[in-house]
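Notes follow once the structure below has been shown.
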Amino acid sequence: MRLTVIGTGYLGAVHAACMADIGHEVLGVDVDIQKIEALAEGRPPFFEPGLQEVLVRNVRSGRLRFTTSLREAAEFGDVHFICVGTPQQRGSNAADLRHVDAVIDGLAPYLHGRSLIVGKSTVPVGTTARLAARISERIPDGSDVEIAWNPEFLREGYAVQDTLQPDRLVAGVLSSRADETLRTVYAPMLQAGIPYISTDPATAELVKVSANSFLATKISFINAMAEVCEAAGADVVTLADAIGHDTRIGRRFLSAGLGFGGGCLPKDIRAFTARAAELGVDHSVAFLREMDEINLRQRRRTVDIARGMADGTFVGSRVAVLGATFKPDSDDVRDSPALAVAAAVHAEGAEVRVYDPQGMENARAVHGDLTYAPNVLTALKDADVVLHLTEWSQFRELDPVKLAAVVRAPRILDARNGLDAAVWRSAGWTVRALGRPSASVVPGQQPAGRVTLPQSAVRGSAAPIAATGLSRSPK
Ligand code: NAD
């Protein structure tokens, strides 16, 4: 088939490359000329494991091309995937759909004959219906254009795998013809037995936001338990292991720590609450506001605990930060909890040195005020406190004996519960971990570095620092 993929960011670039890889002729479209030039040369404009290989293979074969022209897209393809961003609106929790609307407005007038527009971006329920009317007002007489919604569930870091072998495909369609078209697009996946759920567009739109809401709730649930563990002297990791054995609960997404961020979960749950309010059912998803608040509180708790480890003030101290991206195996720093904490610590007077395996360039672009170190050793040199904020696997493999020799004081806060506290302690480190007060205690010894949490941190009443992503914006 001849497909176009409009918007070639984290979602669209991967979708375009993978659709070409399963045999389609694909034209990727973006307004960002630099992105388009890089992709056309087989260079992914962001870090995503495995993408370069698929991209190069398909650019070379000629099945995958790129352009900035929607007119060219309209002439080229029969199926047009919309993969543009749907960020949070300024001054509101609602989604900003202006990029989606711009694609419809730019594409529809050139659509002659029969075609299908397929939305993949995450949108509020009701968007497909609204866009259907917008399309019919803009297409030339005699053309036959339909719209469907096919939400995307890929995870950054596993995006290629998730696109080629998704857990399921969801198609929100208005006709059996659109359904048949999407079944043909995804034929290799269907043949491989991947579940294909055909439904109406409203259900498809809601599947995506409810899936993200559930995941956000699971993370915030375990982080709420972490707060209780702190207060009660219990261990949240053991608690998560124990409840996770229950197959109804499951262990995944029960890792207590600094919480979620990125370009999806935070804005998606906020957009959902805004849309639910428009539909008159805000009470039904009011709990999501609490999930958001619990999530943001972890950033403030991390800052509070780190301050305690720095003897009560960051002024004059040097803090090493391991991790800047919102998750490992990505260079994405959008709404990154790690960067929010680093910026807040810096704002309180610390000299902050950040190291991240892939996210330094993006981090520097949004937080040029922080210092970036070329490697872990430089980041840790003469540090008073080390903060482990993104769980890259290479941080798990660090040698705490070697690192103890370069810091000023061997104190580490593992805000991702990803390090082996016993190994670090035996190398002389004071280790603090979220939700694990007992992890700082060596059996039979005084807990040398144990920090008593300020009540404000437990209650989450620390003053929000809006500019650094430590509080919800807007309220
Ligand atoms: P992104 O910012 O990386 O990419 C969006 C791209 O759209 C950018 O390259 C931008 O230049 C381009 N764009 C904007 N306006 C355009 C226009 N008028 N015409 C052509 N291109 C235009 O965002 P993303 O992370 O890829 O997310 C895109 C959508 O996919 C969002 O709705 C997001 O919620 C959803 N999503 C993202 C992921 C993820 O992991 N990133 C996963 C599932 C769903």
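Going through the structure tokens in order, the chains are called A, B, and so on, while each chain numbers its residues from 1 and the ligands are numbered from 1 in the order shown.
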Next on the checklist: Please return as a PyMOL selection string the residues found within 6 Å of ligand 1, counting only C-alpha atoms and all ligand atoms.
Outcome noted: chain A and resi 6-12+29-32+83-86+99+102-103+121-122+152-156+263-264
Take the residues that were just selected and, keeping N, CA, C and O atoms, output them as a CSV table (one decimal), in the first residue's frame.
```csv
chain,number,residue,atom,x,y,z
A,6,ILE,N,2.2,11.5,8.8
A,6,ILE,CA,2.4,13.0,9.0
A,6,ILE,C,2.7,13.3,10.4
A,6,ILE,O,1.9,13.0,11.3
A,7,GLY,N,3.9,13.9,10.6
A,7,GLY,CA,4.4,14.1,12.0
A,7,GLY,C,5.4,12.9,12.2
A,7,GLY,O,5.0,11.8,12.4
A,8,THR,N,6.7,13.3,12.1
A,8,THR,CA,7.7,12.2,12.2
A,8,THR,C,8.6,12.4,13.5
A,8,THR,O,9.8,12.5,13.4
A,9,GLY,N,7.9,12.5,14.6
A,9,GLY,CA,8.6,12.6,15.9
A,9,GLY,C,8.8,11.2,16.5
A,9,GLY,O,8.9,10.2,15.7
A,10,TYR,N,8.8,11.0,17.8
A,10,TYR,CA,9.0,9.7,18.4
A,10,TYR,C,8.0,8.7,17.9
A,10,TYR,O,8.4,7.5,17.7
A,11,LEU,N,6.8,9.1,17.7
A,11,LEU,CA,5.8,8.1,17.2
A,11,LEU,C,5.9,7.9,15.7
A,11,LEU,O,6.1,6.8,15.2
A,12,GLY,N,5.9,9.0,15.0
A,12,GLY,CA,5.7,9.0,13.5
A,12,GLY,C,7.0,8.4,12.8
A,12,GLY,O,6.8,7.6,11.9
A,29,VAL,N,6.1,12.8,6.5
A,29,VAL,CA,5.9,14.3,6.3
A,29,VAL,C,6.1,15.0,7.7
A,29,VAL,O,5.5,14.5,8.7
A,30,ASP,N,6.8,16.1,7.7
A,30,ASP,CA,6.9,16.9,8.9
A,30,ASP,C,7.1,18.3,8.5
A,30,ASP,O,7.6,18.6,7.4
A,31,VAL,N,6.8,19.2,9.4
A,31,VAL,CA,7.0,20.7,9.2
A,31,VAL,C,8.5,21.0,9.5
A,31,VAL,O,8.9,22.1,9.2
A,32,ASP,N,9.2,20.1,10.2
A,32,ASP,CA,10.5,20.4,10.7
A,32,ASP,C,11.5,19.9,9.6
A,32,ASP,O,11.8,18.7,9.5
A,83,CYS,N,0.3,11.6,13.1
A,83,CYS,CA,1.2,11.3,14.2
A,83,CYS,C,1.8,12.5,14.9
A,83,CYS,O,2.8,12.5,15.5
A,84,VAL,N,1.1,13.7,14.7
A,84,VAL,CA,1.6,14.9,15.2
A,84,VAL,C,1.4,15.0,16.8
A,84,VAL,O,0.6,14.3,17.3
A,85,GLY,N,2.1,16.0,17.4
A,85,GLY,CA,2.0,16.1,18.8
A,85,GLY,C,0.6,16.7,19.3
A,85,GLY,O,0.0,17.4,18.6
A,86,THR,N,0.2,16.3,20.5
A,86,THR,CA,-1.0,16.8,21.1
A,86,THR,C,-0.6,17.2,22.5
A,86,THR,O,-1.0,16.5,23.5
A,99,HIS,N,-2.1,21.1,16.1
A,99,HIS,CA,-1.3,20.4,15.1
A,99,HIS,C,-2.2,19.5,14.3
A,99,HIS,O,-2.0,19.3,13.1
A,102,ALA,N,-4.3,21.4,12.0
A,102,ALA,CA,-3.5,22.0,10.9
A,102,ALA,C,-3.2,20.9,9.8
A,102,ALA,O,-3.2,21.3,8.6
A,103,VAL,N,-3.0,19.7,10.2
A,103,VAL,CA,-2.8,18.6,9.3
A,103,VAL,C,-4.1,18.4,8.4
A,103,VAL,O,-4.0,18.3,7.2
A,121,SER,N,-2.2,9.9,16.9
A,121,SER,CA,-1.9,10.7,18.0
A,121,SER,C,-3.0,10.5,19.1
A,121,SER,O,-4.1,10.0,18.9
A,122,THR,N,-2.6,10.8,20.4
A,122,THR,CA,-3.5,10.6,21.5
A,122,THR,C,-4.4,11.8,21.6
A,122,THR,O,-3.9,12.9,21.8
A,152,GLU,N,-2.0,4.6,19.3
A,152,GLU,CA,-0.7,4.0,19.4
A,152,GLU,C,-0.3,3.8,20.9
A,152,GLU,O,-0.4,4.7,21.7
A,153,PHE,N,0.3,2.6,21.2
A,153,PHE,CA,0.7,2.3,22.6
A,153,PHE,C,2.2,2.1,22.8
A,153,PHE,O,2.6,1.6,23.8
A,154,LEU,N,3.0,2.4,21.7
A,154,LEU,CA,4.4,2.1,21.8
A,154,LEU,C,5.0,2.8,23.0
A,154,LEU,O,4.6,3.8,23.5
A,155,ARG,N,6.1,2.2,23.5
A,155,ARG,CA,6.9,2.7,24.6
A,155,ARG,C,8.2,3.2,24.0
A,155,ARG,O,8.9,2.4,23.3
A,156,GLU,N,8.6,4.4,24.4
A,156,GLU,CA,9.9,4.8,24.0
A,156,GLU,C,11.0,3.9,24.6
A,156,GLU,O,10.8,3.4,25.7
A,263,GLY,N,6.5,12.7,27.5
A,263,GLY,CA,5.5,13.5,26.7
A,263,GLY,C,4.1,12.9,26.6
A,263,GLY,O,3.3,13.4,25.9
A,264,CYS,N,3.9,11.8,27.5
A,264,CYS,CA,2.5,11.2,27.4
A,264,CYS,C,1.7,11.2,28.7
A,264,CYS,O,0.8,11.9,28.8
```
Checklist entry - So which bits of region 17-258 of chain A end up strand (DSSP E or B) when you DSSP the backbone, as a PyMOL selection string? => result chain A and resi 25-29+64-67+79-82+88+95+114-119+144-149+169-172+196-199
Checklist entry - Neighbours of region 188-192 of chain A within 12 Å (only C-alpha atoms; same-chain residues fewer than 5 positions away dropped), as a PyMOL selection string? => result chain A and resi 18-19+21-24+161-170+180+182-183+197
Please, could you write that set of residues out with all heavy atoms as a short mmCIF file (atom, residue, chain, number, x, y, z; two decimals), in the first residue's frame?
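So the final result, stored in again-v8.cif, reads:
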```cif
data_model
loop_
_atom_site.label_atom_id
_atom_site.label_comp_id
_atom_site.auth_asym_id
_atom_site.auth_seq_id
_atom_site.Cartn_x
_atom_site.Cartn_y
_atom_site.Cartn_z
N CYS A 18 8.70 1.43 10.30
CA CYS A 18 8.18 0.06 10.49
C CYS A 18 7.15 -0.30 9.42
O CYS A 18 7.09 -1.45 8.98
CB CYS A 18 7.60 -0.10 11.89
SG CYS A 18 8.87 -0.07 13.16
N MET A 19 6.35 0.67 9.00
CA MET A 19 5.37 0.38 7.94
C MET A 19 6.11 0.05 6.63
O MET A 19 5.70 -0.83 5.87
CB MET A 19 4.41 1.55 7.74
CG MET A 19 3.41 1.77 8.87
SD MET A 19 2.34 0.34 9.20
CE MET A 19 3.13 -0.34 10.65
N ASP A 21 9.02 -1.25 6.58
CA ASP A 21 9.68 -2.54 6.84
C ASP A 21 8.75 -3.73 6.61
O ASP A 21 9.23 -4.81 6.30
CB ASP A 21 10.22 -2.56 8.27
CG ASP A 21 11.50 -3.36 8.38
OD1 ASP A 21 12.39 -3.14 7.53
OD2 ASP A 21 11.60 -4.20 9.28
N ILE A 22 7.45 -3.51 6.78
CA ILE A 22 6.54 -4.64 6.52
C ILE A 22 6.04 -4.62 5.08
O ILE A 22 5.11 -5.33 4.72
CB ILE A 22 5.37 -4.72 7.54
CG1 ILE A 22 4.49 -3.46 7.49
CG2 ILE A 22 5.89 -4.96 8.95
CD1 ILE A 22 3.20 -3.58 8.32
N GLY A 23 6.65 -3.76 4.26
CA GLY A 23 6.41 -3.88 2.82
C GLY A 23 5.63 -2.76 2.16
O GLY A 23 5.43 -2.79 0.95
N HIS A 24 5.21 -1.74 2.92
CA HIS A 24 4.46 -0.65 2.29
C HIS A 24 5.41 0.39 1.69
O HIS A 24 6.57 0.48 2.08
CB HIS A 24 3.56 0.03 3.33
CG HIS A 24 2.55 -0.89 3.94
ND1 HIS A 24 1.59 -1.54 3.19
CD2 HIS A 24 2.35 -1.29 5.23
CE1 HIS A 24 0.84 -2.29 3.99
NE2 HIS A 24 1.29 -2.16 5.23
N GLN A 161 10.11 -2.50 18.42
CA GLN A 161 9.50 -3.77 18.81
C GLN A 161 7.99 -3.61 19.03
O GLN A 161 7.19 -4.42 18.56
CB GLN A 161 10.20 -4.23 20.09
CG GLN A 161 9.72 -5.51 20.69
CD GLN A 161 10.29 -5.66 22.11
OE1 GLN A 161 11.45 -5.31 22.37
NE2 GLN A 161 9.47 -6.14 23.03
N ASP A 162 7.60 -2.55 19.72
CA ASP A 162 6.18 -2.35 20.02
C ASP A 162 5.36 -2.05 18.76
O ASP A 162 4.18 -2.35 18.70
CB ASP A 162 5.99 -1.20 21.01
CG ASP A 162 6.41 -1.59 22.42
OD1 ASP A 162 6.66 -2.79 22.66
OD2 ASP A 162 6.48 -0.68 23.28
N THR A 163 6.01 -1.45 17.75
CA THR A 163 5.28 -1.15 16.51
C THR A 163 5.15 -2.40 15.65
O THR A 163 4.10 -2.64 15.06
CB THR A 163 6.00 -0.03 15.72
OG1 THR A 163 6.13 1.10 16.59
CG2 THR A 163 5.22 0.39 14.49
N LEU A 164 6.21 -3.20 15.63
CA LEU A 164 6.16 -4.40 14.79
C LEU A 164 5.43 -5.55 15.48
O LEU A 164 4.83 -6.39 14.81
CB LEU A 164 7.59 -4.84 14.42
CG LEU A 164 8.32 -3.87 13.47
CD1 LEU A 164 9.78 -4.28 13.30
CD2 LEU A 164 7.62 -3.80 12.11
N GLN A 165 5.50 -5.59 16.81
CA GLN A 165 4.81 -6.65 17.55
C GLN A 165 4.00 -6.05 18.70
O GLN A 165 4.30 -6.26 19.87
CB GLN A 165 5.83 -7.63 18.13
CG GLN A 165 6.55 -8.42 17.08
CD GLN A 165 7.96 -8.79 17.50
OE1 GLN A 165 8.45 -8.39 18.55
NE2 GLN A 165 8.61 -9.54 16.67
N PRO A 166 2.97 -5.27 18.37
CA PRO A 166 2.20 -4.64 19.45
C PRO A 166 1.41 -5.68 20.25
O PRO A 166 1.15 -6.78 19.75
CB PRO A 166 1.25 -3.70 18.69
CG PRO A 166 1.15 -4.28 17.32
CD PRO A 166 2.44 -4.98 17.03
N ASP A 167 1.06 -5.32 21.48
CA ASP A 167 0.23 -6.22 22.29
C ASP A 167 -1.13 -6.40 21.62
O ASP A 167 -1.74 -7.44 21.71
CB ASP A 167 0.01 -5.63 23.69
CG ASP A 167 1.29 -5.61 24.50
OD1 ASP A 167 2.20 -6.41 24.19
OD2 ASP A 167 1.39 -4.77 25.42
N ARG A 168 -1.60 -5.32 21.02
CA ARG A 168 -2.89 -5.36 20.31
C ARG A 168 -2.96 -4.15 19.38
O ARG A 168 -2.24 -3.16 19.57
CB ARG A 168 -4.10 -5.34 21.27
CG ARG A 168 -4.47 -4.04 21.94
CD ARG A 168 -3.38 -3.38 22.67
NE ARG A 168 -3.80 -2.59 23.83
CZ ARG A 168 -2.93 -1.94 24.58
NH1 ARG A 168 -1.64 -1.93 24.28
NH2 ARG A 168 -3.34 -1.26 25.62
N LEU A 169 -3.85 -4.25 18.41
CA LEU A 169 -4.15 -3.11 17.53
C LEU A 169 -5.59 -2.73 17.80
O LEU A 169 -6.46 -3.60 17.94
CB LEU A 169 -3.97 -3.52 16.07
CG LEU A 169 -2.52 -3.76 15.63
CD1 LEU A 169 -2.47 -4.66 14.42
CD2 LEU A 169 -1.83 -2.43 15.34
N VAL A 170 -5.84 -1.44 17.88
CA VAL A 170 -7.20 -0.97 18.12
C VAL A 170 -7.59 -0.05 16.96
O VAL A 170 -6.88 0.91 16.65
CB VAL A 170 -7.30 -0.21 19.46
CG1 VAL A 170 -8.71 0.34 19.66
CG2 VAL A 170 -6.92 -1.13 20.61
N GLU A 180 -11.46 -2.76 6.70
CA GLU A 180 -10.74 -3.62 5.74
C GLU A 180 -9.40 -2.99 5.38
O GLU A 180 -8.38 -3.68 5.29
CB GLU A 180 -11.57 -3.83 4.46
CG GLU A 180 -12.61 -4.93 4.59
CD GLU A 180 -12.04 -6.22 5.19
OE1 GLU A 180 -11.00 -6.68 4.70
OE2 GLU A 180 -12.60 -6.71 6.18
N LEU A 182 -7.56 -0.95 7.17
CA LEU A 182 -6.60 -1.07 8.28
C LEU A 182 -6.14 -2.52 8.46
O LEU A 182 -4.98 -2.77 8.77
CB LEU A 182 -7.22 -0.53 9.57
CG LEU A 182 -7.17 0.99 9.66
CD1 LEU A 182 -7.98 1.51 10.84
CD2 LEU A 182 -5.72 1.48 9.78
N ARG A 183 -7.03 -3.45 8.22
CA ARG A 183 -6.62 -4.87 8.30
C ARG A 183 -5.56 -5.18 7.24
O ARG A 183 -4.66 -5.98 7.46
CB ARG A 183 -7.83 -5.80 8.13
CG ARG A 183 -8.71 -5.88 9.35
CD ARG A 183 -9.93 -6.76 9.08
NE ARG A 183 -10.91 -6.66 10.15
CZ ARG A 183 -10.89 -7.40 11.26
NH1 ARG A 183 -9.98 -8.32 11.43
NH2 ARG A 183 -11.80 -7.22 12.19
N ILE A 197 -8.62 -5.24 17.52
CA ILE A 197 -9.92 -4.90 18.09
C ILE A 197 -10.55 -3.80 17.25
O ILE A 197 -10.04 -2.68 17.19
CB ILE A 197 -9.76 -4.46 19.56
CG1 ILE A 197 -9.26 -5.65 20.37
CG2 ILE A 197 -11.09 -3.95 20.14
CD1 ILE A 197 -8.41 -5.28 21.52
#
```
Checklist entry - Can you list every residue in region 145-366 of chain A that DSSP puts in helix (DSSP H, G or I), as a PyMOL selection string? => result chain A and resi 159-164+176-185+187-191+201-232+236-244+265-278+282-285+287-309+337-347+360-366
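Here the question is which of A:Val341, A:Val26, A:Leu215, A:Val118 gets nearest to Phe253 (chain A) using only C-alpha atoms, and that residue is A:Leu215.
In this structure, CA of Lys267 (chain A) sits 16.0 Å away from CA of Lys327 (chain A).
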Item to check | Who sits within 8 Å of Ala324 (chain A), only C-alpha atoms, same chain under 5 positions skipped, as JSON, numbers by chain | outcome: {"A": [333, 336, 338, 339, 354, 355, 356, 359, 360, 363, 389, 390]}
Checklist entry - So which residues touch Gly119 (chain A) within 6 Å, counting only C-alpha atoms, skipping near sequence neighbours fewer than 5 positions away, as an MDAnalysis selection string? => result chainID A and resid 81:82 149:150
Saved selection, atoms kept: all heavy atoms, as an mmCIF file, in the first residue's frame:
```cif
data_model
loop_
_atom_site.group_PDB
_atom_site.id
_atom_site.type_symbol
_atom_site.label_atom_id
_atom_site.label_comp_id
_atom_site.auth_asym_id
_atom_site.auth_seq_id
_atom_site.Cartn_x
_atom_site.Cartn_y
_atom_site.Cartn_z
ATOM 1 N N PHE A 81 -1.607 8.549 7.908
ATOM 2 C CA PHE A 81 -1.559 8.454 9.371
ATOM 3 C C PHE A 81 -1.181 9.812 9.965
ATOM 4 O O PHE A 81 -0.203 10.422 9.542
ATOM 5 C CB PHE A 81 -0.513 7.425 9.803
ATOM 6 C CG PHE A 81 -0.941 6.009 9.582
ATOM 7 C CD1 PHE A 81 -0.503 5.299 8.476
ATOM 8 C CD2 PHE A 81 -1.794 5.380 10.477
ATOM 9 C CE1 PHE A 81 -0.901 3.978 8.270
ATOM 10 C CE2 PHE A 81 -2.197 4.071 10.285
ATOM 11 C CZ PHE A 81 -1.751 3.367 9.169
ATOM 12 N N ILE A 82 -1.949 10.251 10.948
ATOM 13 C CA ILE A 82 -1.621 11.503 11.651
ATOM 14 C C ILE A 82 -0.894 11.151 12.954
ATOM 15 O O ILE A 82 -1.460 10.479 13.833
ATOM 16 C CB ILE A 82 -2.879 12.318 11.992
ATOM 17 C CG1 ILE A 82 -3.666 12.640 10.715
ATOM 18 C CG2 ILE A 82 -2.506 13.595 12.729
ATOM 19 C CD1 ILE A 82 -4.891 13.501 10.966
ATOM 20 N N TRP A 149 -9.695 6.202 13.838
ATOM 21 C CA TRP A 149 -8.668 6.429 14.874
ATOM 22 C C TRP A 149 -8.070 5.100 15.297
ATOM 23 O O TRP A 149 -8.779 4.141 15.568
ATOM 24 C CB TRP A 149 -9.215 7.199 16.085
ATOM 25 C CG TRP A 149 -8.170 8.177 16.538
ATOM 26 C CD1 TRP A 149 -7.236 7.991 17.517
ATOM 27 C CD2 TRP A 149 -7.914 9.464 15.963
ATOM 28 N NE1 TRP A 149 -6.406 9.099 17.574
ATOM 29 C CE2 TRP A 149 -6.798 10.013 16.646
ATOM 30 C CE3 TRP A 149 -8.495 10.202 14.943
ATOM 31 C CZ2 TRP A 149 -6.274 11.267 16.345
ATOM 32 C CZ3 TRP A 149 -7.971 11.444 14.643
ATOM 33 C CH2 TRP A 149 -6.874 11.960 15.343
ATOM 34 N N ASN A 150 -6.747 5.080 15.293
ATOM 35 C CA ASN A 150 -5.980 3.853 15.545
ATOM 36 C C ASN A 150 -4.883 4.206 16.549
ATOM 37 O O ASN A 150 -3.736 4.421 16.190
ATOM 38 C CB ASN A 150 -5.420 3.377 14.182
ATOM 39 C CG ASN A 150 -4.319 2.352 14.253
ATOM 40 O OD1 ASN A 150 -3.335 2.437 13.523
ATOM 41 N ND2 ASN A 150 -4.460 1.385 15.105
#
```
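From CA of Ile147 (chain A) back to CA of Arg134 (chain A), the distance works out to 10.6 Å.
In this comparison, which uses only C-alpha atoms, the residue of A:Phe76, A:Val407, A:Thr127, A:Asn93 approaching Gly113 (chain A) most closely is A:Phe76.
Considering only C-alpha atoms, the residue among A:Lys120, A:Val236, A:Thr273, A:Glu227 positioned nearest to Ala204 (chain A) is A:Lys120.
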Item to check | Shell around region 67-74 of chain A at 12 Å using only C-alpha atoms, local window under 3 positions removed, as a ChimeraX atom specification | outcome: /A:2-8,25-40,64,77-82,102-117,139,143,145
Checklist entry - Can you tell me, as a ChimeraX atom specification, what residues are no more than 10 Å from Phe314 (chain A) when counting only C-alpha atoms, ignoring any on the same chain fewer than 2 positions away? => result /A:303,306-312,316-319,345-352,384-385
Residues just named, written with all heavy atoms as a compact mmCIF listing (two decimals), in the first residue's frame:
```
# COMPACT_ATOMS: atom_id res chain seq x y z
N VAL A 303 13.65 15.92 46.47
CA VAL A 303 14.42 17.13 46.78
C VAL A 303 14.58 17.25 48.30
O VAL A 303 15.68 17.53 48.81
CB VAL A 303 13.74 18.39 46.20
CG1 VAL A 303 14.46 19.65 46.65
CG2 VAL A 303 13.70 18.32 44.68
N ALA A 306 17.03 14.66 49.59
CA ALA A 306 18.40 15.02 49.16
C ALA A 306 18.93 16.17 50.00
O ALA A 306 20.09 16.17 50.42
CB ALA A 306 18.39 15.40 47.68
N ARG A 307 18.05 17.15 50.29
CA ARG A 307 18.48 18.29 51.12
C ARG A 307 18.90 17.81 52.50
O ARG A 307 19.92 18.24 53.05
CB ARG A 307 17.36 19.32 51.23
CG ARG A 307 17.82 20.64 51.83
CD ARG A 307 16.67 21.59 52.16
NE ARG A 307 15.79 21.81 51.04
CZ ARG A 307 14.57 21.25 50.90
NH1 ARG A 307 14.11 20.43 51.84
NH2 ARG A 307 13.82 21.52 49.86
N GLY A 308 18.13 16.87 53.04
CA GLY A 308 18.49 16.30 54.34
C GLY A 308 19.86 15.63 54.28
O GLY A 308 20.68 15.77 55.20
N MET A 309 20.13 14.93 53.19
CA MET A 309 21.42 14.26 53.05
C MET A 309 22.56 15.26 52.92
O MET A 309 23.71 14.96 53.26
CB MET A 309 21.39 13.32 51.84
CG MET A 309 20.42 12.19 52.01
SD MET A 309 20.35 11.12 50.55
CE MET A 309 21.78 10.08 50.81
N ALA A 310 22.22 16.45 52.38
CA ALA A 310 23.24 17.50 52.23
C ALA A 310 23.30 18.35 53.50
O ALA A 310 23.58 19.56 53.42
CB ALA A 310 22.92 18.36 51.02
N ASP A 311 22.99 17.75 54.63
CA ASP A 311 23.06 18.41 55.93
C ASP A 311 22.12 19.60 56.04
O ASP A 311 22.44 20.61 56.68
CB ASP A 311 24.51 18.84 56.25
CG ASP A 311 25.46 17.65 56.22
OD1 ASP A 311 25.03 16.55 56.65
OD2 ASP A 311 26.59 17.79 55.73
N GLY A 312 20.98 19.53 55.37
CA GLY A 312 19.93 20.52 55.58
C GLY A 312 19.91 21.70 54.62
O GLY A 312 18.95 22.46 54.62
N GLY A 316 26.11 25.92 48.73
CA GLY A 316 27.54 25.59 48.84
C GLY A 316 27.84 24.12 48.63
O GLY A 316 28.99 23.71 48.72
N SER A 317 26.82 23.31 48.32
CA SER A 317 27.11 21.88 48.14
C SER A 317 27.17 21.53 46.65
O SER A 317 26.66 22.25 45.80
CB SER A 317 26.07 21.02 48.85
OG SER A 317 24.84 21.15 48.18
N ARG A 318 27.81 20.42 46.39
CA ARG A 318 27.93 19.95 45.02
C ARG A 318 27.11 18.66 44.90
O ARG A 318 27.31 17.72 45.67
CB ARG A 318 29.40 19.69 44.73
CG ARG A 318 29.66 19.39 43.29
CD ARG A 318 31.14 19.38 43.00
NE ARG A 318 31.68 20.72 42.84
CZ ARG A 318 32.95 20.97 42.54
NH1 ARG A 318 33.80 19.98 42.40
NH2 ARG A 318 33.37 22.21 42.38
N VAL A 319 26.18 18.66 43.96
CA VAL A 319 25.28 17.51 43.82
C VAL A 319 25.48 16.89 42.44
O VAL A 319 25.41 17.58 41.41
CB VAL A 319 23.80 17.94 44.00
CG1 VAL A 319 22.86 16.78 43.75
CG2 VAL A 319 23.59 18.51 45.41
N VAL A 345 17.06 21.46 42.79
CA VAL A 345 18.24 21.42 43.67
C VAL A 345 19.19 22.57 43.31
O VAL A 345 19.72 23.26 44.18
CB VAL A 345 18.93 20.04 43.54
CG1 VAL A 345 20.30 20.05 44.21
CG2 VAL A 345 18.05 18.95 44.13
N HIS A 346 19.33 22.80 42.02
CA HIS A 346 20.17 23.92 41.55
C HIS A 346 19.59 25.25 42.02
O HIS A 346 20.31 26.13 42.50
CB HIS A 346 20.24 23.87 40.02
CG HIS A 346 20.92 25.05 39.40
ND1 HIS A 346 22.27 25.24 39.47
CD2 HIS A 346 20.43 26.09 38.70
CE1 HIS A 346 22.59 26.36 38.83
NE2 HIS A 346 21.50 26.89 38.36
N ALA A 347 18.25 25.36 41.93
CA ALA A 347 17.59 26.62 42.32
C ALA A 347 17.78 26.89 43.81
O ALA A 347 17.73 28.04 44.25
CB ALA A 347 16.09 26.55 41.99
N GLU A 348 18.01 25.81 44.59
CA GLU A 348 18.23 26.00 46.04
C GLU A 348 19.70 26.24 46.37
O GLU A 348 20.08 26.23 47.54
CB GLU A 348 17.71 24.79 46.81
CG GLU A 348 16.20 24.73 46.86
CD GLU A 348 15.71 23.74 47.90
OE1 GLU A 348 16.37 23.57 48.95
OE2 GLU A 348 14.67 23.12 47.65
N GLY A 349 20.53 26.41 45.35
CA GLY A 349 21.91 26.84 45.63
C GLY A 349 22.99 25.81 45.44
O GLY A 349 24.17 26.11 45.67
N ALA A 350 22.64 24.60 45.01
CA ALA A 350 23.70 23.60 44.81
C ALA A 350 24.36 23.79 43.45
O ALA A 350 23.74 24.28 42.51
CB ALA A 350 23.10 22.19 44.88
N GLU A 351 25.61 23.37 43.38
CA GLU A 351 26.23 23.25 42.05
C GLU A 351 25.85 21.85 41.57
O GLU A 351 26.19 20.85 42.22
CB GLU A 351 27.74 23.39 42.16
CG GLU A 351 28.39 23.40 40.79
CD GLU A 351 29.87 23.02 40.82
OE1 GLU A 351 30.54 23.27 41.83
OE2 GLU A 351 30.32 22.45 39.80
N VAL A 352 25.11 21.78 40.49
CA VAL A 352 24.58 20.49 40.03
C VAL A 352 25.32 20.05 38.77
O VAL A 352 25.42 20.80 37.81
CB VAL A 352 23.07 20.60 39.74
CG1 VAL A 352 22.52 19.30 39.18
CG2 VAL A 352 22.31 21.00 41.00
N ASP A 384 28.95 16.13 47.15
CA ASP A 384 28.53 15.93 48.54
C ASP A 384 27.39 14.92 48.61
O ASP A 384 27.21 14.24 49.61
CB ASP A 384 28.07 17.27 49.14
CG ASP A 384 29.21 18.26 49.18
OD1 ASP A 384 30.16 18.02 49.93
OD2 ASP A 384 29.16 19.26 48.43
N VAL A 385 26.60 14.91 47.55
CA VAL A 385 25.47 13.96 47.46
C VAL A 385 25.34 13.54 46.00
O VAL A 385 25.50 14.36 45.09
CB VAL A 385 24.13 14.62 47.90
CG1 VAL A 385 23.00 13.60 47.85
CG2 VAL A 385 24.23 15.21 49.29
```
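The interatomic distance for the pair CA of Pro437 (chain A) and CA of Lys381 (chain A) works out to 26.8 Å.
Minimum atom-to-atom distance to Gln394 (chain A), evaluated using only C-alpha atoms, belongs to A:Gly418 out of A:Ala344, A:Gly418, A:Ser92, A:Gly62.
Using only C-alpha atoms, the nearest neighbour of Thr181 (chain A) within the list A:Pro201, A:Ala409, A:Glu146, A:Gln358 is A:Glu146.
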